[in-house]
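A.B. asks: I am sharing target-v3.pdb, which consists of PDB, C-alpha atoms:
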ATOM      1  CA  MET A   4     261.137  61.561 260.711  1.00  0.00           C
ATOM      2  CA  SER A   5     261.840  58.667 263.068  1.00  0.00           C
ATOM      3  CA  VAL A   6     260.626  55.148 263.664  1.00  0.00           C
ATOM      4  CA  THR A   7     258.013  56.408 266.122  1.00  0.00           C
ATOM      5  CA  VAL A   8     256.762  59.517 264.284  1.00  0.00           C
ATOM      6  CA  VAL A   9     256.046  60.166 260.579  1.00  0.00           C
ATOM      7  CA  ASN A  10     255.215  63.685 259.400  1.00  0.00           C
ATOM      8  CA  GLY A  11     254.437  64.643 262.971  1.00  0.00           C
ATOM      9  CA  LEU A  12     251.993  61.773 263.499  1.00  0.00           C
ATOM     10  CA  PRO A  13     252.659  58.824 265.778  1.00  0.00           C
ATOM     11  CA  VAL A  14     253.346  55.728 263.661  1.00  0.00           C
ATOM     12  CA  HIS A  15     250.672  53.832 265.593  1.00  0.00           C
ATOM     13  CA  VAL A  16     247.819  55.891 264.130  1.00  0.00           C
ATOM     14  CA  LEU A  17     249.122  55.068 260.650  1.00  0.00           C
ATOM     15  CA  VAL A  18     250.058  51.400 261.084  1.00  0.00           C
ATOM     16  CA  VAL A  19     246.813  50.366 262.767  1.00  0.00           C
ATOM     17  CA  HIS A  20     245.041  50.900 259.455  1.00  0.00           C
ATOM     18  CA  PHE A  21     247.024  48.007 257.983  1.00  0.00           C
ATOM     19  CA  VAL A  22     245.801  45.792 260.818  1.00  0.00           C
ATOM     20  CA  ILE A  23     242.226  47.048 260.455  1.00  0.00           C
ATOM     21  CA  VAL A  24     242.218  46.092 256.771  1.00  0.00           C
ATOM     22  CA  LEU A  25     244.441  43.009 256.763  1.00  0.00           C
ATOM     23  CA  VAL A  26     242.882  41.031 259.628  1.00  0.00           C
ATOM     24  CA  PRO A  27     239.336  40.963 258.171  1.00  0.00           C
ATOM     25  CA  LEU A  28     240.731  40.404 254.668  1.00  0.00           C
ATOM     26  CA  SER A  29     242.854  37.466 255.859  1.00  0.00           C
ATOM     27  CA  ALA A  30     239.936  36.101 257.862  1.00  0.00           C
ATOM     28  CA  LEU A  31     237.659  36.221 254.831  1.00  0.00           C
ATOM     29  CA  ALA A  32     240.294  34.617 252.589  1.00  0.00           C
ATOM     30  CA  VAL A  33     240.905  31.782 255.069  1.00  0.00           C
ATOM     31  CA  VAL A  34     237.193  31.014 255.430  1.00  0.00           C
ATOM     32  CA  VAL A  35     236.587  31.158 251.676  1.00  0.00           C
ATOM     33  CA  GLY A  36     239.616  28.929 251.063  1.00  0.00           C
ATOM     34  CA  ALA A  37     238.521  26.430 253.709  1.00  0.00           C
ATOM     35  CA  ILE A  38     234.971  26.236 252.355  1.00  0.00           C
ATOM     36  CA  TRP A  39     235.897  26.228 248.652  1.00  0.00           C
ATOM     37  CA  PRO A  40     239.186  24.440 247.953  1.00  0.00           C
ATOM     38  CA  SER A  41     239.049  25.620 244.341  1.00  0.00           C
ATOM     39  CA  ALA A  42     239.153  29.215 245.610  1.00  0.00           C
ATOM     40  CA  ALA A  43     242.133  28.332 247.814  1.00  0.00           C
ATOM     41  CA  ARG A  44     243.889  26.849 244.784  1.00  0.00           C
ATOM     42  CA  ARG A  45     243.213  30.040 242.826  1.00  0.00           C
ATOM     43  CA  MET A  46     244.552  32.182 245.688  1.00  0.00           C
ATOM     44  CA  GLY A  47     247.620  29.957 245.790  1.00  0.00           C
ATOM     45  CA  ILE A  48     250.591  31.154 247.789  1.00  0.00           C
ATOM     46  CA  ALA A  49     248.923  34.576 248.182  1.00  0.00           C
ATOM     47  CA  LEU A  50     246.708  33.078 250.918  1.00  0.00           C
ATOM     48  CA  PRO A  51     249.472  32.284 253.431  1.00  0.00           C
ATOM     49  CA  LEU A  52     251.503  35.339 252.345  1.00  0.00           C
ATOM     50  CA  LEU A  53     248.545  37.624 253.090  1.00  0.00           C
ATOM     51  CA  ALA A  54     248.172  36.013 256.503  1.00  0.00           C
ATOM     52  CA  LEU A  55     251.932  36.359 257.099  1.00  0.00           C
ATOM     53  CA  VAL A  56     251.851  40.089 256.334  1.00  0.00           C
ATOM     54  CA  THR A  57     248.835  40.361 258.641  1.00  0.00           C
ATOM     55  CA  LEU A  58     250.704  38.526 261.386  1.00  0.00           C
ATOM     56  CA  ALA A  59     253.763  40.766 260.962  1.00  0.00           C
ATOM     57  CA  SER A  60     251.672  43.963 261.067  1.00  0.00           C
ATOM     58  CA  VAL A  61     250.228  43.182 264.496  1.00  0.00           C
ATOM     59  CA  PRO A  62     253.439  43.469 266.564  1.00  0.00           C
ATOM     60  CA  VAL A  63     254.438  46.552 264.550  1.00  0.00           C
ATOM     61  CA  ALA A  64     251.164  48.239 265.509  1.00  0.00           C
ATOM     62  CA  THR A  65     251.421  46.984 269.090  1.00  0.00           C
ATOM     63  CA  ASN A  66     254.986  48.241 269.543  1.00  0.00           C
ATOM     64  CA  ALA A  67     254.092  51.606 268.038  1.00  0.00           C
ATOM     65  CA  GLY A  68     251.069  51.695 270.362  1.00  0.00           C
ATOM     66  CA  GLU A  69     253.233  50.996 273.395  1.00  0.00           C
ATOM     67  CA  TRP A  70     255.453  53.932 272.435  1.00  0.00           C
ATOM     68  CA  LEU A  71     252.389  56.149 272.007  1.00  0.00           C
ATOM     69  CA  GLU A  72     250.937  54.981 275.322  1.00  0.00           C
ATOM     70  CA  GLY A  73     254.047  56.340 277.022  1.00  0.00           C
ATOM     71  CA  HIS A  74     253.546  59.712 275.330  1.00  0.00           C
ATOM     72  CA  VAL A  75     249.882  60.409 276.126  1.00  0.00           C
ATOM     73  CA  ASP A  76     248.012  60.996 279.349  1.00  0.00           C
ATOM     74  CA  SER A  77     247.201  57.599 280.783  1.00  0.00           C
ATOM     75  CA  ASP A  78     243.603  56.959 281.696  1.00  0.00           C
ATOM     76  CA  ALA A  79     241.307  53.936 281.921  1.00  0.00           C
ATOM     77  CA  LEU A  80     240.369  54.138 278.226  1.00  0.00           C
ATOM     78  CA  VAL A  81     243.998  54.115 277.055  1.00  0.00           C
ATOM     79  CA  ARG A  82     244.850  51.244 279.395  1.00  0.00           C
ATOM     80  CA  ARG A  83     241.815  49.244 278.200  1.00  0.00           C
ATOM     81  CA  HIS A  84     242.806  49.784 274.565  1.00  0.00           C
ATOM     82  CA  ALA A  85     246.380  48.664 275.283  1.00  0.00           C
ATOM     83  CA  GLU A  86     245.152  45.541 277.100  1.00  0.00           C
ATOM     84  CA  LEU A  87     242.857  44.594 274.232  1.00  0.00           C
ATOM     85  CA  GLY A  88     245.594  45.260 271.671  1.00  0.00           C
ATOM     86  CA  ASP A  89     247.886  42.799 273.400  1.00  0.00           C
ATOM     87  CA  GLY A  90     245.388  40.000 272.692  1.00  0.00           C
ATOM     88  CA  LEU A  91     245.345  40.220 268.881  1.00  0.00           C
ATOM     89  CA  LEU A  92     248.613  38.413 268.138  1.00  0.00           C
ATOM     90  CA  PRO A  93     247.282  34.892 268.911  1.00  0.00           C
ATOM     91  CA  TRP A  94     244.323  35.471 266.581  1.00  0.00           C
ATOM     92  CA  ALA A  95     246.635  36.679 263.793  1.00  0.00           C
ATOM     93  CA  ALA A  96     248.894  33.665 264.391  1.00  0.00           C
ATOM     94  CA  GLY A  97     245.853  31.381 264.155  1.00  0.00           C
ATOM     95  CA  LEU A  98     244.884  32.954 260.828  1.00  0.00           C
ATOM     96  CA  PHE A  99     248.414  32.394 259.532  1.00  0.00           C
ATOM     97  CA  VAL A 100     248.509  28.747 260.639  1.00  0.00           C
ATOM     98  CA  LEU A 101     245.087  28.060 259.122  1.00  0.00           C
ATOM     99  CA  ALA A 102     245.905  29.913 255.893  1.00  0.00           C
ATOM    100  CA  THR A 103     249.085  27.868 255.545  1.00  0.00           C
ATOM    101  CA  ALA A 104     247.231  24.621 256.301  1.00  0.00           C
ATOM    102  CA  VAL A 105     244.433  25.407 253.821  1.00  0.00           C
ATOM    103  CA  TRP A 106     246.967  26.335 251.142  1.00  0.00           C
ATOM    104  CA  TRP A 107     249.084  23.240 251.805  1.00  0.00           C
ATOM    105  CA  THR A 108     246.182  20.780 251.829  1.00  0.00           C
ATOM    106  CA  THR A 109     244.520  22.183 248.704  1.00  0.00           C
ATOM    107  CA  ARG A 110     247.888  22.227 246.956  1.00  0.00           C
ATOM    108  CA  ARG A 111     248.471  18.584 247.869  1.00  0.00           C
ATOM    109  CA  SER A 112     244.926  17.488 247.016  1.00  0.00           C
ATOM    110  CA  ALA A 113     245.255  18.996 243.560  1.00  0.00           C
ATOM    111  CA  SER A 114     248.356  16.929 242.808  1.00  0.00           C
ATOM    112  CA  VAL A 115     247.495  13.656 244.572  1.00  0.00           C
ATOM    113  CA  GLU A 116     244.425  11.570 243.909  1.00  0.00           C
ATOM    114  CA  ALA A 117     242.281  10.591 246.863  1.00  0.00           C
ATOM    115  CA  ALA A 118     243.192   7.319 248.525  1.00  0.00           C
ATOM    116  CA  PRO A 119     240.883   4.389 247.947  1.00  0.00           C
ATOM    117  CA  GLY A 120     238.512   3.496 250.734  1.00  0.00           C
ATOM    118  CA  GLU A 121     235.108   4.377 252.052  1.00  0.00           C
ATOM    119  CA  ARG A 122     233.812   7.419 250.223  1.00  0.00           C
ATOM    120  CA  THR A 123     230.985   9.877 250.716  1.00  0.00           C
ATOM    121  CA  ARG A 124     228.321  10.530 248.090  1.00  0.00           C
ATOM    122  CA  ALA A 125     230.546  13.296 246.665  1.00  0.00           C
ATOM    123  CA  GLY A 126     233.344  10.771 246.084  1.00  0.00           C
ATOM    124  CA  MET A 127     235.525  12.172 248.864  1.00  0.00           C
ATOM    125  CA  PRO A 128     237.131   9.775 251.349  1.00  0.00           C
ATOM    126  CA  ARG A 129     235.289   9.951 254.668  1.00  0.00           C
ATOM    127  CA  SER A 130     238.459  10.899 256.581  1.00  0.00           C
ATOM    128  CA  ALA A 131     239.099  13.790 254.166  1.00  0.00           C
ATOM    129  CA  LEU A 132     235.545  15.014 254.707  1.00  0.00           C
ATOM    130  CA  VAL A 133     236.014  14.995 258.498  1.00  0.00           C
ATOM    131  CA  VAL A 134     239.272  16.946 258.175  1.00  0.00           C
ATOM    132  CA  ARG A 135     237.681  19.434 255.785  1.00  0.00           C
ATOM    133  CA  VAL A 136     234.667  20.026 258.035  1.00  0.00           C
ATOM    134  CA  ALA A 137     236.987  20.523 261.017  1.00  0.00           C
ATOM    135  CA  ALA A 138     239.085  22.987 259.001  1.00  0.00           C
ATOM    136  CA  VAL A 139     235.997  24.946 257.980  1.00  0.00           C
ATOM    137  CA  VAL A 140     234.675  25.114 261.549  1.00  0.00           C
ATOM    138  CA  LEU A 141     238.061  26.081 262.957  1.00  0.00           C
ATOM    139  CA  SER A 142     238.565  28.688 260.228  1.00  0.00           C
ATOM    140  CA  VAL A 143     235.178  30.263 260.888  1.00  0.00           C
ATOM    141  CA  VAL A 144     235.805  30.359 264.652  1.00  0.00           C
ATOM    142  CA  VAL A 145     239.293  31.855 264.369  1.00  0.00           C
ATOM    143  CA  ALA A 146     238.241  34.306 261.650  1.00  0.00           C
ATOM    144  CA  ALA A 147     235.250  35.477 263.680  1.00  0.00           C
ATOM    145  CA  GLY A 148     237.372  35.804 266.819  1.00  0.00           C
ATOM    146  CA  ALA A 149     240.014  37.823 264.973  1.00  0.00           C
ATOM    147  CA  VAL A 150     237.494  40.179 263.369  1.00  0.00           C
ATOM    148  CA  VAL A 151     235.581  40.713 266.621  1.00  0.00           C
ATOM    149  CA  ASP A 152     238.857  41.365 268.443  1.00  0.00           C
ATOM    150  CA  VAL A 153     239.930  43.940 265.832  1.00  0.00           C
ATOM    151  CA  TYR A 154     236.547  45.636 266.179  1.00  0.00           C
ATOM    152  CA  ARG A 155     236.794  45.742 269.985  1.00  0.00           C
ATOM    153  CA  ILE A 156     240.377  47.058 269.857  1.00  0.00           C
ATOM    154  CA  GLY A 157     239.495  49.702 267.282  1.00  0.00           C
ATOM    155  CA  ASP A 158     236.403  50.780 269.176  1.00  0.00           C
ATOM    156  CA  SER A 159     238.352  51.131 272.419  1.00  0.00           C
ATOM    157  CA  GLY A 160     241.098  53.051 270.613  1.00  0.00           C
ATOM    158  CA  ALA A 161     238.617  55.446 269.055  1.00  0.00           C
ATOM    159  CA  LYS A 162     236.996  56.026 272.442  1.00  0.00           C
ATOM    160  CA  ALA A 163     240.407  56.626 274.025  1.00  0.00           C
ATOM    161  CA  ALA A 164     241.395  59.089 271.300  1.00  0.00           C
ATOM    162  CA  TRP A 165     238.107  60.930 270.902  1.00  0.00           C
ATOM    163  CA  HIS A 166     236.248  60.682 274.227  1.00  0.00           C
ATOM    164  CA  ASP A 167     236.654  64.407 274.922  1.00  0.00           C
ATOM    165  CA  GLY A 168     238.133  65.650 271.663  1.00  0.00           C
ATOM    166  CA  PHE A 169     235.060  66.991 269.900  1.00  0.00           C
ATOM    167  CA  SER A 170     231.705  68.639 270.494  1.00  0.00           C
ATOM    168  CA  LYS A 171     228.536  66.677 269.846  1.00  0.00           C
ATOM    169  CA  THR A 172     226.856  69.839 268.598  1.00  0.00           C
ATOM    170  CA  ALA A 173     228.090  72.124 265.850  1.00  0.00           C
ATOM    171  CA  ASP A 174     229.554  75.337 267.194  1.00  0.00           C
ATOM    172  CA  GLY A 175     229.103  77.339 263.986  1.00  0.00           C
ATOM    173  CA  GLY A 176     232.838  78.001 263.901  1.00  0.00           C
ATOM    174  CA  GLY A 177     232.692  79.469 260.395  1.00  0.00           C
ATOM    175  CA  HIS A 178     233.529  76.289 258.498  1.00  0.00           C
ATOM    176  CA  GLY A 179     231.428  77.030 255.458  1.00  0.00           C
ATOM    177  CA  ASP A 180     228.454  78.426 257.372  1.00  0.00           C
ATOM    178  CA  ASN A 181     226.539  81.213 255.630  1.00  0.00           C
ATOM    179  CA  ASP A 182     225.451  83.599 258.363  1.00  0.00           C
TER     180      ASP A 182
END
What's the structure tokens form of this structure?

C.D. replies:
Amino acid sequence: MSVTVVNGLPVHVLVVHFVIVLVPLSALAVVVGAIWPSAARRMGIALPLLALVTLASVPVATNAGEWLEGHVDSDALVRRHAELGDGLLPWAAGLFVLATAVWWTTRRSASVEAAPGERTRAGMPRSALVVRVAAVVLSVVVAAGAVVDVYRIGDSGAKAAWHDGFSKTADGGGHGDND
């Protein structure tokens, strides 16, 4: 066993599953927390910690992928997958920054009463409403971008790995067939 191979499998094919699960989970948590501050308060420190683990998993998967890229036949599909994979880190960083901001602001708003001034019908200061709407919009945009990017990377990786690795028709190779 080494850093690049576990039980005969390249680490990349194992680690990418963390990214595939954690990015959409972090994206969903950030959006839910931005839309519903009470949910962000319930998630507490788990919200930015989840996004931090997500952020840390991306370069691990990317580095393992770069090692694997050097150990497989290079073709256009592999190169495309590698190029797309290099673009995920900014999205993961955005999720972390937003998760931290949502956690911090909901934590502060729970302990500090709203400042007096012009308020909306819901009793929220107008400036707080503007900031909250901006946070929701930004969270939705970054979350959607991150999830779409993970999908595109995963799709390109699957195509690179499987484009000629199986038959589209069953060959009757005796795997449970009753002849």

A.B. asks: Which of these, A:Val24, A:Ala37, A:Leu31, A:Val8, has the shortest distance to Val139 in chain A once you count all atoms listed in the file?

C.D. replies: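 Selected residue with least distance to Val139 in chain A: A:Ala37.
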
A.B. asks: The PyMOL selection byres ((chain A and resi 56) around 10) - which residues does that actually catch in the file I just gave you? List them as an MDAnalysis selection string.

C.D. replies: chainID A and resid 21:22 25:26 29 51:55 57:61 95 99

A.B. asks: Show me the residues around (244.5, 44.8, 277.5) - criterion: an atom at most 12 Å away, only C-alpha atoms counted - as JSON, numbers by chain.

C.D. replies: {"A": [65, 68, 69, 79, 80, 81, 82, 83, 84, 85, 86, 87, 88, 89, 90, 91, 152, 155, 156, 159, 160]}

A.B. asks: What do you get, as a compact mmCIF listing (two decimals) with C-alpha atoms, in the coordinates of the input, if you spell out every residue that the PyMOL selection byres ((chain A and resi 46) around 12) selects here?

C.D. replies:
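Saved to part_17.txt:
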# COMPACT_ATOMS: atom_id res chain seq x y z
CA SER A 29 242.85 37.47 255.86
CA ALA A 32 240.29 34.62 252.59
CA VAL A 33 240.90 31.78 255.07
CA VAL A 35 236.59 31.16 251.68
CA GLY A 36 239.62 28.93 251.06
CA ALA A 37 238.52 26.43 253.71
CA TRP A 39 235.90 26.23 248.65
CA PRO A 40 239.19 24.44 247.95
CA SER A 41 239.05 25.62 244.34
CA ALA A 42 239.15 29.22 245.61
CA ALA A 43 242.13 28.33 247.81
CA ARG A 44 243.89 26.85 244.78
CA ARG A 45 243.21 30.04 242.83
CA GLY A 47 247.62 29.96 245.79
CA ILE A 48 250.59 31.15 247.79
CA ALA A 49 248.92 34.58 248.18
CA LEU A 50 246.71 33.08 250.92
CA PRO A 51 249.47 32.28 253.43
CA LEU A 52 251.50 35.34 252.34
CA LEU A 53 248.54 37.62 253.09
CA ALA A 102 245.90 29.91 255.89
CA THR A 103 249.08 27.87 255.54
CA VAL A 105 244.43 25.41 253.82
CA TRP A 106 246.97 26.34 251.14
CA TRP A 107 249.08 23.24 251.80
CA THR A 109 244.52 22.18 248.70
CA ARG A 110 247.89 22.23 246.96

A.B. asks: For the provided coordinates, the residues matched by the PyMOL selection byres ((chain A and resi 94) around 8) should be stated as an MDAnalysis selection string.

C.D. replies: chainID A and resid 90:93 95:98 145:146 148:149

A.B. asks: Using only C-alpha atoms for the distances, tell me which of A:Ala64, A:Leu141, A:Val75, A:Val150 is nearest to Val14 in chain A.

C.D. replies: A:Ala64

A.B. asks: Find the residue from A:Val63, A:Ile38, A:Val151, A:Ala131 that sits nearest to Val18 in chain A; use all atoms listed in the file when measuring.

C.D. replies: A:Val63

A.B. asks: Give me the box for range 125-143 of chain A as AutoDock Vina command-line options, namely the centre and edge lengths in Å to one decimal of a box along x, y and z that holds every listed atom plus 6 Å on each side.

C.D. replies:
--center_x 234.9 --center_y 20.0 --center_z 254.5 --size_x 20.7 --size_y 32.5 --size_z 28.9

A.B. asks: Figure out the distance between CA of Ala67 in chain A and CA of Asn10 in chain A, please, to one decimal in Å.

C.D. replies: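 Here the two named atoms are 14.9 Å from each other.
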
A.B. asks: Using all atoms listed in the file, which of A:Glu72, A:Val144, A:Leu28, A:Pro128 sits nearest Ala163 in chain A?

C.D. replies: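 Comparing A:Glu72, A:Val144, A:Leu28, A:Pro128 against Ala163 in chain A, the winner is A:Glu72.
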
A.B. asks: Restricting the calculation to all atoms listed in the file, which member of A:Leu12, A:Ala147, A:Asp174, A:Val34 is positioned closest to Arg135 in chain A?

C.D. replies: A:Val34

A.B. asks: Just how far from CA of Ala138 in chain A is CA of Leu101 in chain A, in Å to one decimal?

C.D. replies: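 Taking CA of Leu101 in chain A as the start and CA of Ala138 in chain A as the end point, the length is 7.9 Å.
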
A.B. asks: Got a minute to add N, CA, C and O atoms to range 139-155 of chain A and dump it as a tab-separated table (two decimals), in the frame of the given file?

C.D. replies:
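That gives us selection-v3.tsv:
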chain	number	residue	atom	x	y	z
A	139	VAL	N	236.98	23.88	258.21
A	139	VAL	CA	236.00	24.95	257.98
A	139	VAL	C	235.52	25.51	259.31
A	139	VAL	O	235.49	26.74	259.50
A	140	VAL	N	235.16	24.65	260.25
A	140	VAL	CA	234.68	25.11	261.55
A	140	VAL	C	235.76	25.92	262.27
A	140	VAL	O	235.50	27.01	262.78
A	141	LEU	N	236.96	25.39	262.30
A	141	LEU	CA	238.06	26.08	262.96
A	141	LEU	C	238.36	27.42	262.28
A	141	LEU	O	238.59	28.43	262.95
A	142	SER	N	238.33	27.44	260.96
A	142	SER	CA	238.56	28.69	260.23
A	142	SER	C	237.50	29.73	260.54
A	142	SER	O	237.83	30.90	260.74
A	143	VAL	N	236.26	29.32	260.57
A	143	VAL	CA	235.18	30.26	260.89
A	143	VAL	C	235.33	30.80	262.31
A	143	VAL	O	235.19	32.01	262.55
A	144	VAL	N	235.65	29.94	263.25
A	144	VAL	CA	235.80	30.36	264.65
A	144	VAL	C	236.97	31.33	264.80
A	144	VAL	O	236.84	32.40	265.41
A	145	VAL	N	238.12	30.99	264.24
A	145	VAL	CA	239.29	31.86	264.37
A	145	VAL	C	239.07	33.16	263.61
A	145	VAL	O	239.42	34.24	264.11
A	146	ALA	N	238.50	33.09	262.43
A	146	ALA	CA	238.24	34.31	261.65
A	146	ALA	C	237.28	35.23	262.40
A	146	ALA	O	237.51	36.44	262.49
A	147	ALA	N	236.21	34.66	262.94
A	147	ALA	CA	235.25	35.48	263.68
A	147	ALA	C	235.90	36.08	264.92
A	147	ALA	O	235.72	37.27	265.21
A	148	GLY	N	236.68	35.29	265.64
A	148	GLY	CA	237.37	35.80	266.82
A	148	GLY	C	238.32	36.93	266.48
A	148	GLY	O	238.37	37.94	267.17
A	149	ALA	N	239.06	36.78	265.38
A	149	ALA	CA	240.01	37.82	264.97
A	149	ALA	C	239.30	39.11	264.59
A	149	ALA	O	239.70	40.21	264.99
A	150	VAL	N	238.23	38.99	263.82
A	150	VAL	CA	237.49	40.18	263.37
A	150	VAL	C	236.82	40.87	264.55
A	150	VAL	O	236.86	42.10	264.67
A	151	VAL	N	236.21	40.11	265.43
A	151	VAL	CA	235.58	40.71	266.62
A	151	VAL	C	236.64	41.39	267.48
A	151	VAL	O	236.42	42.50	267.99
A	152	ASP	N	237.79	40.77	267.64
A	152	ASP	CA	238.86	41.36	268.44
A	152	ASP	C	239.34	42.67	267.82
A	152	ASP	O	239.55	43.67	268.52
A	153	VAL	N	239.52	42.70	266.51
A	153	VAL	CA	239.93	43.94	265.83
A	153	VAL	C	238.88	45.02	266.04
A	153	VAL	O	239.21	46.18	266.30
A	154	TYR	N	237.62	44.66	265.95
A	154	TYR	CA	236.55	45.64	266.18
A	154	TYR	C	236.62	46.19	267.60
A	154	TYR	O	236.57	47.41	267.81
A	155	ARG	N	236.74	45.31	268.59
A	155	ARG	CA	236.79	45.74	269.98
A	155	ARG	C	238.01	46.63	270.25
A	155	ARG	O	237.91	47.64	270.94
